[in-house]
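Quick look at structure-v2.txt (compact mmCIF, C-alpha atoms):
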# COMPACT_ATOMS: atom_id res chain seq x y z
CA MET H 28 19.20 34.49 27.79
CA THR H 29 18.00 38.04 27.32
CA ALA H 30 18.51 37.75 23.56
CA PHE H 31 15.74 35.13 23.35
CA ARG H 32 13.12 37.00 25.37
CA PRO H 33 11.43 38.79 22.38
CA ALA H 34 11.09 35.49 20.55
CA LEU H 35 9.67 33.76 23.61
CA LEU H 36 7.23 36.59 24.14
CA SER H 37 6.06 36.40 20.53
CA PHE H 38 5.58 32.65 20.79
CA ALA H 39 3.55 33.04 23.99
CA LEU H 40 1.32 35.63 22.36
CA LEU H 41 0.76 33.31 19.38
CA LEU H 42 -0.27 30.47 21.67
CA SER H 43 -2.65 32.79 23.49
CA ALA H 44 -4.26 33.91 20.24
CA CYS H 45 -4.73 30.31 19.08
CA ALA H 46 -6.33 29.34 22.37
CA SER H 47 -8.79 32.24 22.28
CA THR H 48 -9.82 31.80 18.62
CA PRO H 49 -12.93 29.56 18.31
CA THR H 50 -12.64 26.50 16.08
CA ALA H 51 -14.36 27.04 12.72
CA LEU H 52 -17.49 24.90 12.31
CA PRO H 53 -19.16 23.78 9.09
CA PRO H 54 -22.44 25.41 8.08
CA PRO H 55 -25.56 23.94 9.75
CA ALA H 56 -26.66 22.14 6.59
CA MET H 57 -23.30 20.42 6.31
CA THR H 58 -23.43 19.39 9.96
CA ALA H 59 -26.84 17.81 9.52
CA THR H 60 -25.75 16.01 6.40
CA ALA H 61 -22.66 14.57 8.05
CA ALA H 62 -24.70 13.39 11.03
CA THR H 63 -27.29 11.52 8.97
CA GLY H 64 -25.10 10.08 6.22
CA VAL H 65 -27.27 11.54 3.46
CA HIS H 66 -24.07 12.76 1.83
CA ASP H 67 -23.63 9.16 0.61
CA ASN H 68 -26.04 10.14 -2.15
CA LEU H 69 -24.13 13.20 -3.35
CA ASN H 70 -22.18 11.70 -6.25
CA ALA H 71 -25.10 9.53 -7.39
CA THR H 72 -27.51 12.47 -7.52
CA LEU H 73 -25.00 14.78 -9.16
CA TRP H 74 -24.24 12.11 -11.78
CA MET H 75 -27.91 11.70 -12.64
CA GLN H 76 -28.36 15.47 -12.94
CA SER H 77 -25.22 16.45 -14.82
CA ALA H 78 -23.45 13.54 -16.49
CA ALA H 79 -23.70 13.07 -20.24
CA GLU H 80 -22.95 9.43 -19.44
CA TYR H 81 -26.28 9.14 -17.61
CA GLN H 82 -28.16 10.57 -20.58
CA ALA H 83 -26.30 8.17 -22.86
CA ALA H 84 -27.25 5.24 -20.64
CA THR H 85 -30.96 6.09 -20.60
CA LEU H 86 -31.09 6.84 -24.32
CA GLY H 87 -29.40 3.51 -24.97
CA SER H 88 -31.87 1.73 -22.71
CA TYR H 89 -34.82 3.16 -24.60
CA ALA H 90 -33.26 2.39 -27.96
CA GLN H 91 -32.95 -1.23 -26.80
CA ALA H 92 -36.54 -1.12 -25.54
CA ARG H 93 -37.76 -0.04 -28.97
CA GLN H 94 -35.93 -2.91 -30.67
CA SER H 95 -37.27 -5.37 -28.11
CA LEU H 96 -40.80 -4.06 -28.57
CA ASP H 97 -40.61 -4.50 -32.33
CA ALA H 98 -39.37 -8.07 -31.89
CA ALA H 99 -42.17 -8.90 -29.43
CA LEU H 100 -44.86 -7.49 -31.71
CA ALA H 101 -43.56 -9.70 -34.51
CA ASP H 102 -43.67 -12.84 -32.35
CA THR H 103 -46.81 -13.51 -30.31
CA ALA H 104 -45.01 -16.23 -28.35
CA ILE H 105 -43.00 -13.60 -26.48
CA ASN H 106 -44.26 -12.77 -23.02
CA ALA H 107 -42.34 -10.67 -20.49
CA LEU H 108 -44.00 -11.77 -17.26
CA PRO H 109 -42.65 -14.46 -14.93
CA VAL H 110 -44.39 -17.81 -15.30
CA SER H 111 -46.21 -17.28 -12.00
CA GLU H 112 -47.89 -14.19 -13.42
CA GLN H 113 -48.70 -15.15 -17.03
CA SER H 114 -47.82 -18.55 -18.49
CA GLN H 115 -50.32 -19.50 -21.19
CA GLY H 116 -53.25 -18.33 -23.28
CA PHE H 117 -51.77 -14.89 -23.88
CA GLU H 118 -50.89 -15.19 -27.57
CA SER H 119 -54.10 -13.64 -28.91
CA LEU H 120 -54.38 -10.86 -26.33
CA PRO H 121 -53.62 -7.23 -27.23
CA PRO H 122 -50.06 -6.14 -26.34
CA ALA H 123 -49.13 -4.03 -23.34
CA ILE H 124 -46.01 -2.69 -21.68
CA ILE H 125 -45.67 -2.40 -17.91
CA THR H 126 -43.29 0.30 -16.72
CA ASP H 127 -42.31 1.85 -13.45
CA ALA H 128 -42.43 5.64 -13.20
CA ASP H 129 -39.89 7.09 -10.75
CA GLU H 130 -36.33 7.04 -12.15
CA THR H 131 -37.61 4.95 -15.06
CA LEU H 132 -39.80 7.50 -16.85
CA ILE H 133 -39.52 10.55 -14.61
CA ASP H 134 -36.64 12.18 -12.77
CA ASN H 135 -36.96 12.88 -9.04
CA SER H 136 -33.34 13.86 -8.50
CA PRO H 137 -34.36 17.34 -7.21
CA PHE H 138 -35.98 15.58 -4.26
CA GLN H 139 -32.72 13.74 -3.56
CA ALA H 140 -30.81 17.01 -3.94
CA ARG H 141 -33.03 18.62 -1.30
CA ARG H 142 -32.27 15.75 1.10
CA ILE H 143 -28.55 16.31 0.57
CA ARG H 144 -28.95 20.04 1.16
CA ASP H 145 -31.24 19.82 4.19
CA GLY H 146 -30.03 16.62 5.83
CA GLY H 147 -32.25 14.01 7.40
CA ASP H 148 -33.45 10.58 6.39
CA PHE H 149 -36.16 9.77 3.86
CA ASP H 150 -39.52 11.09 5.02
CA PRO H 151 -42.79 9.95 3.36
CA ALA H 152 -44.49 13.29 4.00
CA THR H 153 -41.67 15.23 2.35
CA TRP H 154 -41.75 12.82 -0.59
CA ALA H 155 -45.52 13.22 -0.97
CA ALA H 156 -45.10 16.99 -0.93
CA TRP H 157 -42.51 16.73 -3.72
CA SER H 158 -44.67 14.47 -5.89
CA ASN H 159 -47.61 16.79 -5.45
CA GLU H 160 -45.53 19.65 -6.82
CA ARG H 161 -45.83 17.84 -10.19
CA LYS H 162 -42.31 18.98 -11.14
CA ALA H 163 -40.60 15.71 -12.07
CA ARG H 164 -38.99 15.89 -15.52
CA ALA H 165 -38.89 13.13 -18.10
CA ILE H 166 -35.93 10.76 -18.23
CA PRO H 167 -34.10 11.20 -21.58
CA GLY H 168 -35.68 8.93 -24.19
CA ALA H 169 -38.72 7.97 -22.09
CA VAL H 170 -41.47 10.09 -23.67
CA ALA H 171 -40.41 9.27 -27.22
CA PHE H 172 -40.44 5.56 -26.44
CA ALA H 173 -43.84 5.61 -24.73
CA GLN H 174 -45.34 7.55 -27.62
CA TYR H 175 -43.78 5.13 -30.11
CA ALA H 176 -45.36 2.20 -28.27
CA ALA H 177 -48.75 3.91 -28.27
CA ARG H 178 -48.53 4.56 -32.01
CA ARG H 179 -47.90 0.85 -32.52
CA GLY H 180 -51.10 0.00 -30.68
CA VAL H 181 -49.45 -0.99 -27.40
CA THR H 182 -51.05 0.10 -24.13
CA VAL H 183 -48.53 1.49 -21.65
CA TYR H 184 -49.36 0.64 -18.04
CA TYR H 185 -47.68 2.75 -15.37
CA VAL H 186 -47.21 0.57 -12.30
CA THR H 187 -45.59 2.64 -9.56
CA ASN H 188 -45.29 2.36 -5.79
CA ARG H 189 -46.35 5.93 -5.30
CA ASP H 190 -49.24 6.03 -2.85
CA HIS H 191 -52.69 5.86 -4.43
CA ALA H 192 -54.40 7.81 -1.65
CA SER H 193 -52.08 10.82 -1.58
CA GLU H 194 -50.29 10.93 -4.95
CA TYR H 195 -52.67 9.60 -7.58
CA GLN H 196 -53.90 12.79 -9.22
CA ALA H 197 -50.55 14.54 -9.03
CA THR H 198 -48.85 11.57 -10.68
CA ALA H 199 -51.41 11.50 -13.46
CA ASP H 200 -51.07 15.24 -14.02
CA ASN H 201 -47.26 15.06 -14.08
CA LEU H 202 -47.16 12.17 -16.56
CA ARG H 203 -49.77 13.74 -18.83
CA ALA H 204 -48.07 17.14 -18.84
CA LEU H 205 -44.81 15.53 -19.96
CA GLY H 206 -46.50 13.83 -22.90
CA PHE H 207 -46.79 10.25 -21.68
CA PRO H 208 -49.83 8.47 -23.19
CA LEU H 209 -52.37 8.24 -20.39
CA ALA H 210 -56.00 7.14 -20.76
CA GLU H 211 -58.58 9.84 -20.21
CA ASP H 212 -59.81 8.01 -17.10
CA ASN H 213 -56.26 7.18 -15.95
CA SER H 214 -57.13 3.48 -16.10
CA ASN H 215 -53.59 2.56 -17.18
CA LEU H 216 -52.11 4.12 -14.03
CA LEU H 217 -51.73 1.70 -11.10
CA LEU H 218 -50.31 3.06 -7.86
CA ARG H 219 -49.63 1.20 -4.62
CA GLY H 220 -52.95 0.71 -2.84
CA ASP H 221 -55.07 0.84 -6.00
CA PRO H 222 -58.47 -0.69 -5.10
CA ARG H 223 -58.24 -2.94 -8.16
CA ALA H 224 -55.05 -4.57 -6.84
CA PRO H 225 -54.12 -3.25 -3.40
CA GLY H 226 -51.05 -5.38 -2.69
CA LYS H 227 -47.80 -3.61 -1.83
CA GLU H 228 -45.64 -5.61 -4.23
CA LYS H 229 -46.21 -5.07 -7.93
CA GLY H 230 -46.98 -8.67 -8.90
CA GLU H 231 -50.69 -8.31 -8.17
CA ARG H 232 -50.92 -5.26 -10.42
CA ARG H 233 -48.94 -7.01 -13.17
CA ARG H 234 -51.35 -9.94 -12.98
CA LEU H 235 -54.27 -7.51 -13.28
CA VAL H 236 -52.84 -6.19 -16.55
CA ALA H 237 -52.16 -9.75 -17.74
CA LYS H 238 -55.84 -10.70 -17.50
CA ASP H 239 -56.56 -8.75 -20.66
CA HIS H 240 -53.16 -8.22 -22.30
CA ARG H 241 -50.05 -9.96 -23.49
CA VAL H 242 -47.32 -8.15 -21.59
CA VAL H 243 -44.45 -7.81 -24.05
CA LEU H 244 -41.98 -5.68 -22.09
CA LEU H 245 -41.18 -4.63 -18.52
CA LEU H 246 -39.19 -1.49 -17.70
CA GLY H 247 -37.90 -0.34 -14.33
CA ASP H 248 -35.00 0.83 -12.21
CA ASN H 249 -35.45 -1.60 -9.33
CA LEU H 250 -35.65 -5.38 -9.14
CA GLY H 251 -39.17 -5.17 -7.70
CA ASP H 252 -40.35 -3.72 -11.02
CA PHE H 253 -39.77 -7.17 -12.53
CA LEU H 254 -40.17 -9.71 -9.72
CA ASP H 255 -41.78 -9.97 -6.30
CA GLY H 256 -39.88 -11.12 -3.23
CA VAL H 257 -36.85 -8.88 -3.73
CA GLY H 258 -36.44 -7.94 -0.06
CA GLY H 259 -33.79 -10.55 0.72
CA ASP H 260 -30.06 -10.13 1.14
CA VAL H 261 -27.58 -9.76 -1.71
CA ALA H 262 -27.18 -13.50 -2.31
CA ALA H 263 -30.93 -14.15 -2.27
CA ARG H 264 -31.51 -11.45 -4.86
CA GLU H 265 -28.82 -12.88 -7.12
CA ASN H 266 -30.49 -16.29 -6.91
CA LEU H 267 -33.86 -14.70 -7.67
CA ILE H 268 -32.75 -13.28 -11.02
CA ALA H 269 -30.65 -16.27 -12.10
CA PRO H 270 -33.47 -18.00 -14.06
CA TYR H 271 -34.06 -14.80 -16.05
CA ALA H 272 -30.48 -14.02 -17.06
CA ASP H 273 -31.39 -14.02 -20.77
CA TRP H 274 -34.29 -11.62 -20.35
CA TRP H 275 -32.26 -8.52 -19.48
CA GLY H 276 -32.02 -6.27 -22.51
CA SER H 277 -34.76 -8.17 -24.34
CA ARG H 278 -37.97 -8.66 -22.33
CA TRP H 279 -36.73 -6.67 -19.35
CA ILE H 280 -35.10 -3.23 -19.57
CA MET H 281 -33.36 -1.91 -16.45
CA LEU H 282 -32.71 1.84 -16.17
CA PRO H 283 -29.73 3.06 -14.09
CA ASN H 284 -30.43 4.39 -10.60
CA PRO H 285 -27.46 4.58 -8.22
CA SER H 286 -29.34 6.92 -5.88
CA TYR H 287 -31.72 4.56 -4.04
CA GLY H 288 -33.47 1.22 -4.29
CA SER H 289 -33.92 -2.19 -2.70
CA TRP H 290 -30.27 -2.99 -3.50
CA GLU H 291 -29.23 -0.68 -0.65
CA SER H 292 -31.40 -2.36 1.98
CA ALA H 293 -30.11 -5.74 0.79
CA VAL H 294 -26.56 -4.68 1.63
CA LEU H 295 -27.59 -3.27 5.01
CA LYS H 296 -29.32 -6.51 6.09
CA ALA H 297 -25.98 -8.00 7.08
CA CYS H 298 -25.13 -5.19 9.52
CA GLY H 299 -27.91 -5.05 12.08
CA GLU H 300 -27.67 -1.78 14.02
CA GLN H 301 -24.29 -0.83 12.58
CA PRO H 302 -24.19 2.66 11.00
CA ALA H 303 -25.05 2.54 7.30
CA THR H 304 -21.86 4.10 6.00
CA ALA H 305 -19.65 1.72 7.98
CA CYS H 306 -21.76 -1.20 6.78
CA LYS H 307 -21.37 -0.16 3.16
CA ARG H 308 -17.61 0.15 3.58
CA GLU H 309 -17.42 -3.39 4.94
CA ALA H 310 -19.44 -4.63 1.96
CA LEU H 311 -16.88 -3.33 -0.56
CA ARG H 312 -14.61 -5.78 -2.40
CA TYR H 313 -10.92 -4.94 -2.62
CA ASP H 314 -9.73 -7.72 -4.91
Could you rewrite the structure in this file as C-alpha cells?
Amino acid sequence: MTAFRPALLSFALLLSACASTPTALPPPAMTATAATGVHDNLNATLWMQSAAEYQAATLGSYAQARQSLDAALADTAINALPVSEQSQGFESLPPAIITDADETLIDNSPFQARRIRDGGDFDPATWAAWSNERKARAIPGAVAFAQYAARRGVTVYYVTNRDHASEYQATADNLRALGFPLAEDNSNLLLRGDPRAPGKEKGERRRLVAKDHRVVLLLGDNLGDFLDGVGGDVAARENLIAPYADWWGSRWIMLPNPSYGSWESAVLKACGEQPATACKREALRYD
C-alpha cells in the first residue's frame, strides 16, 4: 500500500485545487446578452454588415425597382396601391413612389449591433437617441435609385414609422445628407404621427399621397410597408398577401431584413408567455 501513497496524495491535492479555483464566468456583456436573448440577432446583423450576398440582394432589388418604374411610367394603368387605397381616377395624376426608410433606404445595423453588445430588449428611448445621431448609412443601390426616379419626374415619398415628434428633423437631415431627394420643406417625408395623417399604420399616409398622385411603386422591408392589418399570426399574414402574389418584384419591391420586423411577432403569437428563443425553436420545420 505504501507504494501508492504519493499518487494518492497528488490526486488529493489536485481535487483540493479544483475545489478552491472559482468557476470562470463570461464577461458581463455576454451574461446580459444570454439572459435577454438578444444574441438571436447576431448572425442577422453580422450578415447585413459584412456579407457581399446582402449587398448583392439589395443591388438586385433596386435594379428590379428601376425596371418596374420604367414599365409603370410607360403604362398609366399601373397602380401599386391596394384597391382599398387607390382604385380609380389615378391615370392622369403625376407619378409617385412610396418607400419605407429604415432597412429599405438606410442602414440601422449599428443600432442592432449595440443591442447585441450591451444586452437588453428594444428600448424606444435608445432608438430615438440613435436616430438623432443622424449616422444611418445608405443601403447599397438606394440613393442611385431614388435619384433616378427624381430625374424621371417621380416624387419619392418617404413613409416611415419613425416618430414624428422626436425624430422628424433628424430623419430629414440624415436622408438629405445621404443624397436622397427631399423637398425643401420636407413635405414628402411622412413619419408616424404626422398631423396630416396621424394613424399608426401606413395606409392613411399612403392614401394621403394617393389624393394627388398615381402611386407606381412601393418599396419596403416589412409587410406593413405594403398593406395594413399585418399584426396577425403567420397563417393570417400569408392569407393577407395571397391576392397580391403577382405584385412582388413588379409593383412591390421587398428588401431583405432578417434582423427585425412584424414577422417575428407573428411567430411569437402562438407561444404566449413562453421564452422567445424556445418559441422560435418550436416554430422551425424539420422536414
Distance cut-off 7 Å, centre (-33.3, -4.6, -7.7) in file coordinates, counting all atoms listed in the file: which residues qualify? Return them as a PDB file with C-alpha atoms, in the coordinates of the input.
ATOM      1  CA  ASN H 249     -35.450  -1.600  -9.330  1.00  0.00           C
ATOM      2  CA  LEU H 250     -35.650  -5.380  -9.140  1.00  0.00           C
ATOM      3  CA  GLY H 251     -39.170  -5.170  -7.700  1.00  0.00           C
ATOM      4  CA  VAL H 257     -36.850  -8.880  -3.730  1.00  0.00           C
ATOM      5  CA  GLY H 288     -33.470   1.220  -4.290  1.00  0.00           C
ATOM      6  CA  SER H 289     -33.920  -2.190  -2.700  1.00  0.00           C
ATOM      7  CA  TRP H 290     -30.270  -2.990  -3.500  1.00  0.00           C
TER       8      TRP H 290
END
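Proximity of H:Ser292, H:Asp255, H:Ser111, H:Pro121 to Ala99 in chain H, computed with only C-alpha atoms, is greatest for H:Pro121.
Take CA of Ser136 in chain H and CA of Ala165 in chain H: the distance between them is 11.1 Å.
Residues lying within 10 Å of Tyr195 in chain H, counting all atoms listed in the file and ignoring same-chain neighbours fewer than 4 positions away, are Ser158, Asn159, Arg189, Asp190, His191, Ala199, Asp200, Asn213, Leu216, Leu217, Leu218, Arg219 and Asp221 of chain H.
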Practice problem: Would you please work out which residue, of H:Cys306, H:Ala152, H:Leu246, H:Ala237, is nearest to Gln113 in chain H when using all atoms listed in the file? | Solution: H:Ala237
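Take CA of Gly87 in chain H and CA of Leu202 in chain H: the distance between them is 21.5 Å.
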Practice problem: Tell me, as a list in words, which residues lie within 9 Å of Gly276 in chain H, counting all atoms listed in the file; anything in the same chain fewer than 5 positions away does not count. | Solution: Ser88, Gln91, Ala92, Ser95 and Met281 of chain H
Taking C-alpha atoms for each residue, export the selection above as a compact mmCIF listing (two decimals), in the coordinates of the input.
# COMPACT_ATOMS: atom_id res chain seq x y z
CA SER H 88 -31.87 1.73 -22.71
CA GLN H 91 -32.95 -1.23 -26.80
CA ALA H 92 -36.54 -1.12 -25.54
CA SER H 95 -37.27 -5.37 -28.11
CA MET H 281 -33.36 -1.91 -16.45
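As for CA of Leu69 in chain H and CA of Ile143 in chain H, they are spaced 6.7 Å apart.
Excluding Ala310 in chain H itself and any same-chain residue fewer than 6 positions from it, the protein and nucleic acid residues within 9 Å of it, counting only C-alpha atoms, are Val294, Leu295 and Ala297 of chain H.
Minimum atom-to-atom distances from H:Lys307, H:Arg264, H:Lys238, H:Arg93 to Ala171 in chain H were compared using all atoms listed in the file, and the lowest value belongs to H:Arg93.
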Exercise. Pick out the residues sitting within 9 Å of Asn106 in chain H, and hand them over as JSON, numbers by chain; count all atoms listed in the file, and ignore anything fewer than 6 positions along from it in its own chain.
Key: {"H": [99, 113, 114, 117, 118, 241, 242, 243, 244, 278]}
List every residue of range 180-217 of chain H that has an atom at most 12 Å from any atom of range 231-236 of chain H, giving for each one its closest atom pair and the distance in Å to one decimal, counting all atoms listed in the file, sorted by chain and then by ascending residue number, as CSV.
residue,atom,partner,partner_atom,distance
H:Thr182,CA,H:Val236,CA,10.0
H:Val183,CA,H:Val236,CA,10.2
H:Tyr184,CA,H:Val236,CA,7.8
H:Tyr185,CA,H:Arg232,CA,10.0
H:Val186,CA,H:Arg232,CA,7.2
H:Thr187,CA,H:Arg232,CA,9.6
H:Asn188,CA,H:Arg232,CA,10.5
H:Ser214,CA,H:Val236,CA,10.6
H:Asn215,CA,H:Val236,CA,8.8
H:Leu216,CA,H:Arg232,CA,10.1
H:Leu217,CA,H:Arg232,CA,7.0
Return the padded bounding box of range 179-189 of chain H as AutoDock Vina command-line options: axis-aligned, built from all atoms listed in the file, 3 Å added on each side, with centre and edge lengths in Å to one decimal.
--center_x -48.2 --center_y 2.5 --center_z -18.9 --size_x 11.8 --size_y 12.9 --size_z 33.2
